[in-house]
Protein chains: 2
Amino acid sequence: MNFLEERILKDGVVKAGNVLKVDSFLNHQMDIALMEEIGREFKRRFGHKPVSKVMTIEASGIGIAAFVAKEFSVPLVFAKKSKSINIDGDMYVAEVESFTHKNKNQVIVSKRFLHEGEHVLIIDDFLANGCALQGLISIAESAGAVVEGCGIVIEKGFQIGGRVIRNMGYHLESLAIVDAMDAENGSIIFREQN
Amino acid sequence: MNFLEERILKDGVVKAGNVLKVDSFLNHQMDIALMEEIGREFKRRFGHKPVSKVMTIEASGIGIAAFVAKEFSVPLVFAKKSKSINIDGDMYVAEVESFTHKNKNQVIVSKRFLHEGEHVLIIDDFLANGCALQGLISIAESAGAVVEGCGIVIEKGFQIGGRVIRNMGYHLESLAIVDAMDAENGSIIFREQN
């Protein structure tokens, strides 16, 4: 069991409806030492790739991806949800549906910050049905960038997202893959990974 | 002129309507070395205070606040906008109006992550009319926490937010205070600070 799986067992809470609450250390309150360890672990897993930019989507991905970008000494670009008056007209757009919020968002990245031939590592906190990740991949490829890999902190292995991304041939690394959870007794079963 | 003012003059763009675009290094693409320098600078300015938690609001504040929290070796809590099904019922709520998006948001923090007697440093990227910051202060005080200070990256000195917060007696530090901007010639005038 790795450091993240241990932390999930210690502080994660299973709720009805296949909800895994990790808000005490990951996506509401953040344990910064854990973020740094996650950054180092993704560097270990993707360090052989020529990563020139880390990409994520607001909001909870930003803190994690910032420490990954620090390890690679590259800039971070975070995609924004919905249109802001501070964004120029010239942008890449993908439509994604949130599993958590049950709504559709336009995900946007300015064309000034993603270019042809860039080598992108996509980072996010959760992967469930994978719509957000698909949107980020779509944006990177629209720019002509190379998706070197996708790094996910927690994958819900019983949902379709991870399988879709792997079937499409992307190098997807999830630090913890939850194959089953039980809200009645609080148990969590992780997928064995090498 | 400090490191941030220099960077704003180099890479910031003044747009009509008093918009200062810093999305190439601060709030869309992030320069991680700059984030680390901002973290160290807030540590220098607030390091004599007994800070036990850093607090910010999603989304663009998260990356900055994470490096401040790292300097203080304390957890980061970021307030969320709008209600998510992943948030428990027991939370602090404040209503804030966004200057950028012209809409009202419920800002929420779980009661599990803010407690009486905690010493909070509030961090955000921009301060304009100050509604977001007032909401964060209101939430911290509802919890019985002590607001040790507010650290802002860029304050729009020609708007009311900074004056309100200082008049209320809070220790507010802004790394750059823009007193005037001109979209026609791109000029930016910073307030002299000691």
# chains A, B, ... in the order shown; residues from 1 in each chain; ligands from 1
$ calpha_fit_and_write --fixed "chain A" --moving "chain B" --output "PDB file with C-alpha atoms, in the first residue's frame"
ATOM      1  CA  MET B   1      -0.001   0.012   0.018  1.00  0.00           C
ATOM      2  CA  ASN B   2       1.439   3.419  -0.914  1.00  0.00           C
ATOM      3  CA  PHE B   3       1.430   6.668   1.101  1.00  0.00           C
ATOM      4  CA  LEU B   4      -1.766   7.918  -0.511  1.00  0.00           C
ATOM      5  CA  GLU B   5      -3.745   4.700  -0.031  1.00  0.00           C
ATOM      6  CA  GLU B   6      -2.691   4.730   3.623  1.00  0.00           C
ATOM      7  CA  ARG B   7      -3.850   8.317   4.009  1.00  0.00           C
ATOM      8  CA  ILE B   8      -7.196   7.575   2.342  1.00  0.00           C
ATOM      9  CA  LEU B   9      -7.796   4.661   4.728  1.00  0.00           C
ATOM     10  CA  LYS B  10      -6.836   6.866   7.695  1.00  0.00           C
ATOM     11  CA  ASP B  11      -8.737  10.069   6.849  1.00  0.00           C
ATOM     12  CA  GLY B  12     -11.082   9.339   3.927  1.00  0.00           C
ATOM     13  CA  VAL B  13     -14.775   8.840   4.619  1.00  0.00           C
ATOM     14  CA  VAL B  14     -17.083   6.723   2.467  1.00  0.00           C
ATOM     15  CA  LYS B  15     -20.561   8.194   2.002  1.00  0.00           C
ATOM     16  CA  ALA B  16     -23.649   6.799   0.351  1.00  0.00           C
ATOM     17  CA  GLY B  17     -23.812   7.182  -3.438  1.00  0.00           C
ATOM     18  CA  ASN B  18     -20.186   6.141  -4.019  1.00  0.00           C
ATOM     19  CA  VAL B  19     -18.856   9.399  -2.588  1.00  0.00           C
ATOM     20  CA  LEU B  20     -15.359   9.290  -1.122  1.00  0.00           C
ATOM     21  CA  LYS B  21     -14.756  12.347   1.037  1.00  0.00           C
ATOM     22  CA  VAL B  22     -11.110  13.359   1.204  1.00  0.00           C
ATOM     23  CA  ASP B  23     -11.800  16.982   2.013  1.00  0.00           C
ATOM     24  CA  SER B  24      -9.771  16.928   5.222  1.00  0.00           C
ATOM     25  CA  PHE B  25      -6.489  16.620   3.284  1.00  0.00           C
ATOM     26  CA  LEU B  26      -7.020  16.927  -0.491  1.00  0.00           C
ATOM     27  CA  ASN B  27      -9.837  19.069  -1.841  1.00  0.00           C
ATOM     28  CA  HIS B  28     -11.062  21.503   0.804  1.00  0.00           C
ATOM     29  CA  GLN B  29      -8.389  21.470   3.494  1.00  0.00           C
ATOM     30  CA  MET B  30      -5.027  20.640   1.920  1.00  0.00           C
ATOM     31  CA  ASP B  31      -2.131  18.927   3.662  1.00  0.00           C
ATOM     32  CA  ILE B  32       0.791  20.667   1.966  1.00  0.00           C
ATOM     33  CA  ALA B  33       3.386  18.034   2.905  1.00  0.00           C
ATOM     34  CA  LEU B  34       1.151  15.461   1.193  1.00  0.00           C
ATOM     35  CA  MET B  35       0.865  17.708  -1.892  1.00  0.00           C
ATOM     36  CA  GLU B  36       4.665  17.842  -2.060  1.00  0.00           C
ATOM     37  CA  GLU B  37       4.866  14.056  -1.778  1.00  0.00           C
ATOM     38  CA  ILE B  38       2.299  13.705  -4.584  1.00  0.00           C
ATOM     39  CA  GLY B  39       4.399  16.077  -6.688  1.00  0.00           C
ATOM     40  CA  ARG B  40       7.517  13.970  -6.141  1.00  0.00           C
ATOM     41  CA  GLU B  41       5.631  10.748  -6.909  1.00  0.00           C
ATOM     42  CA  PHE B  42       4.365  12.038 -10.272  1.00  0.00           C
ATOM     43  CA  LYS B  43       7.905  13.216 -11.040  1.00  0.00           C
ATOM     44  CA  ARG B  44       9.088   9.662 -10.345  1.00  0.00           C
ATOM     45  CA  ARG B  45       6.429   8.189 -12.653  1.00  0.00           C
ATOM     46  CA  PHE B  46       6.663  10.693 -15.530  1.00  0.00           C
ATOM     47  CA  GLY B  47      10.188  12.044 -15.060  1.00  0.00           C
ATOM     48  CA  HIS B  48      11.481  10.206 -18.162  1.00  0.00           C
ATOM     49  CA  LYS B  49       9.023  12.157 -20.354  1.00  0.00           C
ATOM     50  CA  PRO B  50       9.979  15.546 -21.879  1.00  0.00           C
ATOM     51  CA  VAL B  51       7.273  17.481 -19.992  1.00  0.00           C
ATOM     52  CA  SER B  52       7.257  21.202 -20.823  1.00  0.00           C
ATOM     53  CA  LYS B  53       3.953  22.165 -19.203  1.00  0.00           C
ATOM     54  CA  VAL B  54       1.589  20.863 -16.541  1.00  0.00           C
ATOM     55  CA  MET B  55      -2.117  21.320 -17.179  1.00  0.00           C
ATOM     56  CA  THR B  56      -5.102  20.950 -14.871  1.00  0.00           C
ATOM     57  CA  ILE B  57      -8.616  22.289 -14.344  1.00  0.00           C
ATOM     58  CA  GLU B  58      -9.838  24.571 -11.580  1.00  0.00           C
ATOM     59  CA  ALA B  59     -10.387  24.377  -8.726  1.00  0.00           C
ATOM     60  CA  SER B  60      -9.119  21.539  -6.557  1.00  0.00           C
ATOM     61  CA  GLY B  61      -6.613  20.324  -9.145  1.00  0.00           C
ATOM     62  CA  ILE B  62      -4.630  23.558  -8.919  1.00  0.00           C
ATOM     63  CA  GLY B  63      -2.933  22.969  -5.569  1.00  0.00           C
ATOM     64  CA  ILE B  64      -1.814  19.469  -6.549  1.00  0.00           C
ATOM     65  CA  ALA B  65      -0.713  20.415 -10.060  1.00  0.00           C
ATOM     66  CA  ALA B  66       1.302  23.375  -8.725  1.00  0.00           C
ATOM     67  CA  PHE B  67       3.574  21.021  -6.793  1.00  0.00           C
ATOM     68  CA  VAL B  68       3.905  18.713  -9.807  1.00  0.00           C
ATOM     69  CA  ALA B  69       4.896  21.702 -11.960  1.00  0.00           C
ATOM     70  CA  LYS B  70       7.419  22.680  -9.292  1.00  0.00           C
ATOM     71  CA  GLU B  71       9.042  19.221  -9.501  1.00  0.00           C
ATOM     72  CA  PHE B  72       9.329  19.504 -13.294  1.00  0.00           C
ATOM     73  CA  SER B  73      10.347  23.205 -13.160  1.00  0.00           C
ATOM     74  CA  VAL B  74       7.737  24.034 -15.800  1.00  0.00           C
ATOM     75  CA  PRO B  75       4.726  26.398 -15.881  1.00  0.00           C
ATOM     76  CA  LEU B  76       1.266  25.289 -14.831  1.00  0.00           C
ATOM     77  CA  VAL B  77      -1.779  26.148 -16.937  1.00  0.00           C
ATOM     78  CA  PHE B  78      -5.170  25.629 -15.377  1.00  0.00           C
ATOM     79  CA  ALA B  79      -8.250  25.433 -17.547  1.00  0.00           C
ATOM     80  CA  LYS B  80     -11.141  27.614 -16.432  1.00  0.00           C
ATOM     81  CA  LYS B  81     -14.792  26.760 -16.190  1.00  0.00           C
ATOM     82  CA  SER B  82     -17.310  29.135 -17.817  1.00  0.00           C
ATOM     83  CA  LYS B  83     -16.475  32.374 -19.558  1.00  0.00           C
ATOM     84  CA  SER B  84     -14.832  35.221 -17.665  1.00  0.00           C
ATOM     85  CA  ILE B  85     -14.585  38.814 -18.890  1.00  0.00           C
ATOM     86  CA  ASN B  86     -10.856  38.565 -18.169  1.00  0.00           C
ATOM     87  CA  ILE B  87     -10.332  35.931 -20.882  1.00  0.00           C
ATOM     88  CA  ASP B  88      -9.512  36.973 -24.427  1.00  0.00           C
ATOM     89  CA  GLY B  89     -11.631  35.788 -27.332  1.00  0.00           C
ATOM     90  CA  ASP B  90      -8.936  33.511 -28.662  1.00  0.00           C
ATOM     91  CA  MET B  91      -9.225  30.280 -26.727  1.00  0.00           C
ATOM     92  CA  TYR B  92      -9.622  26.526 -26.892  1.00  0.00           C
ATOM     93  CA  VAL B  93     -12.993  25.302 -25.620  1.00  0.00           C
ATOM     94  CA  ALA B  94     -14.305  21.883 -24.595  1.00  0.00           C
ATOM     95  CA  GLU B  95     -17.632  21.031 -23.019  1.00  0.00           C
ATOM     96  CA  VAL B  96     -17.482  18.769 -19.970  1.00  0.00           C
ATOM     97  CA  GLU B  97     -20.053  17.438 -17.572  1.00  0.00           C
ATOM     98  CA  SER B  98     -19.216  17.326 -13.872  1.00  0.00           C
ATOM     99  CA  PHE B  99     -19.943  14.102 -12.015  1.00  0.00           C
ATOM    100  CA  THR B 100     -20.093  15.950  -8.696  1.00  0.00           C
ATOM    101  CA  HIS B 101     -22.146  18.950  -9.688  1.00  0.00           C
ATOM    102  CA  LYS B 102     -24.314  17.349 -12.388  1.00  0.00           C
ATOM    103  CA  ASN B 103     -23.917  20.360 -14.654  1.00  0.00           C
ATOM    104  CA  LYS B 104     -22.170  21.117 -17.925  1.00  0.00           C
ATOM    105  CA  ASN B 105     -19.274  23.537 -18.084  1.00  0.00           C
ATOM    106  CA  GLN B 106     -17.382  25.126 -20.879  1.00  0.00           C
ATOM    107  CA  VAL B 107     -13.720  24.442 -20.160  1.00  0.00           C
ATOM    108  CA  ILE B 108     -11.412  27.024 -21.683  1.00  0.00           C
ATOM    109  CA  VAL B 109      -7.691  27.603 -22.133  1.00  0.00           C
ATOM    110  CA  SER B 110      -6.258  30.648 -23.814  1.00  0.00           C
ATOM    111  CA  LYS B 111      -4.462  29.905 -27.074  1.00  0.00           C
ATOM    112  CA  ARG B 112      -1.578  31.994 -25.755  1.00  0.00           C
ATOM    113  CA  PHE B 113      -0.669  29.307 -23.211  1.00  0.00           C
ATOM    114  CA  LEU B 114      -0.773  26.091 -25.225  1.00  0.00           C
ATOM    115  CA  HIS B 115       1.217  25.675 -28.416  1.00  0.00           C
ATOM    116  CA  GLU B 116       1.956  23.133 -31.085  1.00  0.00           C
ATOM    117  CA  GLY B 117       4.720  20.772 -30.088  1.00  0.00           C
ATOM    118  CA  GLU B 118       4.462  21.386 -26.344  1.00  0.00           C
ATOM    119  CA  HIS B 119       4.696  18.322 -24.117  1.00  0.00           C
ATOM    120  CA  VAL B 120       1.851  18.330 -21.634  1.00  0.00           C
ATOM    121  CA  LEU B 121       1.334  16.392 -18.400  1.00  0.00           C
ATOM    122  CA  ILE B 122      -2.308  16.566 -17.295  1.00  0.00           C
ATOM    123  CA  ILE B 123      -2.965  16.386 -13.542  1.00  0.00           C
ATOM    124  CA  ASP B 124      -6.252  16.172 -11.646  1.00  0.00           C
ATOM    125  CA  ASP B 125      -7.435  15.117  -8.215  1.00  0.00           C
ATOM    126  CA  PHE B 126     -10.255  12.727  -9.206  1.00  0.00           C
ATOM    127  CA  LEU B 127     -11.095  10.548 -12.189  1.00  0.00           C
ATOM    128  CA  ALA B 128     -14.604   9.082 -12.273  1.00  0.00           C
ATOM    129  CA  ASN B 129     -16.446   9.111 -15.586  1.00  0.00           C
ATOM    130  CA  GLY B 130     -13.541  11.041 -17.108  1.00  0.00           C
ATOM    131  CA  CYS B 131     -15.342  13.921 -18.783  1.00  0.00           C
ATOM    132  CA  ALA B 132     -13.062  16.587 -17.336  1.00  0.00           C
ATOM    133  CA  LEU B 133      -9.963  14.649 -18.366  1.00  0.00           C
ATOM    134  CA  GLN B 134     -11.360  14.064 -21.869  1.00  0.00           C
ATOM    135  CA  GLY B 135     -11.968  17.794 -22.134  1.00  0.00           C
ATOM    136  CA  LEU B 136      -8.397  18.598 -21.127  1.00  0.00           C
ATOM    137  CA  ILE B 137      -6.987  16.050 -23.585  1.00  0.00           C
ATOM    138  CA  SER B 138      -9.209  17.464 -26.330  1.00  0.00           C
ATOM    139  CA  ILE B 139      -7.942  20.968 -25.622  1.00  0.00           C
ATOM    140  CA  ALA B 140      -4.284  19.879 -25.588  1.00  0.00           C
ATOM    141  CA  GLU B 141      -4.685  18.061 -28.898  1.00  0.00           C
ATOM    142  CA  SER B 142      -6.551  20.980 -30.479  1.00  0.00           C
ATOM    143  CA  ALA B 143      -3.425  22.991 -29.728  1.00  0.00           C
ATOM    144  CA  GLY B 144      -1.211  20.400 -31.408  1.00  0.00           C
ATOM    145  CA  ALA B 145       0.444  19.625 -28.080  1.00  0.00           C
ATOM    146  CA  VAL B 146       1.646  16.127 -27.174  1.00  0.00           C
ATOM    147  CA  VAL B 147      -0.123  14.571 -24.168  1.00  0.00           C
ATOM    148  CA  GLU B 148       2.789  12.857 -22.414  1.00  0.00           C
ATOM    149  CA  GLY B 149       0.565  11.471 -19.698  1.00  0.00           C
ATOM    150  CA  CYS B 150      -2.254  11.925 -17.239  1.00  0.00           C
ATOM    151  CA  GLY B 151      -1.635  11.825 -13.495  1.00  0.00           C
ATOM    152  CA  ILE B 152      -4.641  11.308 -11.235  1.00  0.00           C
ATOM    153  CA  VAL B 153      -4.603  11.267  -7.455  1.00  0.00           C
ATOM    154  CA  ILE B 154      -7.709   9.096  -6.909  1.00  0.00           C
ATOM    155  CA  GLU B 155      -9.377   7.056  -9.643  1.00  0.00           C
ATOM    156  CA  LYS B 156     -12.771   5.488  -9.098  1.00  0.00           C
ATOM    157  CA  GLY B 157     -11.987   2.187 -10.778  1.00  0.00           C
ATOM    158  CA  PHE B 158     -15.626   1.112 -10.813  1.00  0.00           C
ATOM    159  CA  GLN B 159     -16.510   3.984 -13.157  1.00  0.00           C
ATOM    160  CA  ILE B 160     -15.704   4.163 -16.835  1.00  0.00           C
ATOM    161  CA  GLY B 161     -13.216   7.072 -17.001  1.00  0.00           C
ATOM    162  CA  GLY B 162      -9.926   5.246 -16.468  1.00  0.00           C
ATOM    163  CA  ARG B 163     -10.735   2.456 -18.921  1.00  0.00           C
ATOM    164  CA  VAL B 164     -11.698   4.931 -21.653  1.00  0.00           C
ATOM    165  CA  ILE B 165      -8.471   6.917 -21.283  1.00  0.00           C
ATOM    166  CA  ARG B 166      -6.279   3.778 -21.203  1.00  0.00           C
ATOM    167  CA  ASN B 167      -8.157   2.275 -24.179  1.00  0.00           C
ATOM    168  CA  MET B 168      -7.375   5.421 -26.122  1.00  0.00           C
ATOM    169  CA  GLY B 169      -3.685   4.710 -25.533  1.00  0.00           C
ATOM    170  CA  TYR B 170      -2.824   7.418 -23.052  1.00  0.00           C
ATOM    171  CA  HIS B 171      -0.312   6.824 -20.275  1.00  0.00           C
ATOM    172  CA  LEU B 172      -2.542   7.196 -17.221  1.00  0.00           C
ATOM    173  CA  GLU B 173      -1.133   6.872 -13.709  1.00  0.00           C
ATOM    174  CA  SER B 174      -3.474   6.957 -10.722  1.00  0.00           C
ATOM    175  CA  LEU B 175      -1.871   7.022  -7.289  1.00  0.00           C
ATOM    176  CA  ALA B 176      -4.863   5.179  -5.828  1.00  0.00           C
ATOM    177  CA  ILE B 177      -7.532   3.227  -7.714  1.00  0.00           C
ATOM    178  CA  VAL B 178     -10.627   2.526  -5.651  1.00  0.00           C
ATOM    179  CA  ASP B 179     -12.304  -0.616  -6.973  1.00  0.00           C
ATOM    180  CA  ALA B 180     -15.042  -0.755  -4.358  1.00  0.00           C
ATOM    181  CA  MET B 181     -16.340   1.170  -1.369  1.00  0.00           C
ATOM    182  CA  ASP B 182     -18.990   0.389   1.202  1.00  0.00           C
ATOM    183  CA  ALA B 183     -20.685   3.262   2.998  1.00  0.00           C
ATOM    184  CA  GLU B 184     -22.208   0.883   5.564  1.00  0.00           C
ATOM    185  CA  ASN B 185     -18.926  -0.311   7.054  1.00  0.00           C
ATOM    186  CA  GLY B 186     -16.603   2.334   5.577  1.00  0.00           C
ATOM    187  CA  SER B 187     -14.431  -0.205   3.763  1.00  0.00           C
ATOM    188  CA  ILE B 188     -12.377   0.729   0.695  1.00  0.00           C
ATOM    189  CA  ILE B 189     -10.800  -1.777  -1.684  1.00  0.00           C
ATOM    190  CA  PHE B 190      -7.831  -0.549  -3.748  1.00  0.00           C
ATOM    191  CA  ARG B 191      -6.717  -2.119  -7.001  1.00  0.00           C
ATOM    192  CA  GLU B 192      -3.296  -3.813  -6.784  1.00  0.00           C
ATOM    193  CA  GLN B 193      -0.784  -1.857  -8.847  1.00  0.00           C
ATOM    194  CA  ASN B 194       2.881  -2.531  -9.559  1.00  0.00           C
TER     195      ASN B 194
END
$ select_by_dssp --residues "range 124-183 of chain B" --states "alpha helix (DSSP H)" --output "list of chain:residue names"
B:Cys131, B:Ala132, B:Leu133, B:Gln134, B:Gly135, B:Leu136, B:Ile137, B:Ser138, B:Ile139, B:Ala140, B:Glu141, B:Ser142, B:Gly161, B:Gly162, B:Arg163, B:Val164, B:Ile165, B:Arg166, B:Asn167
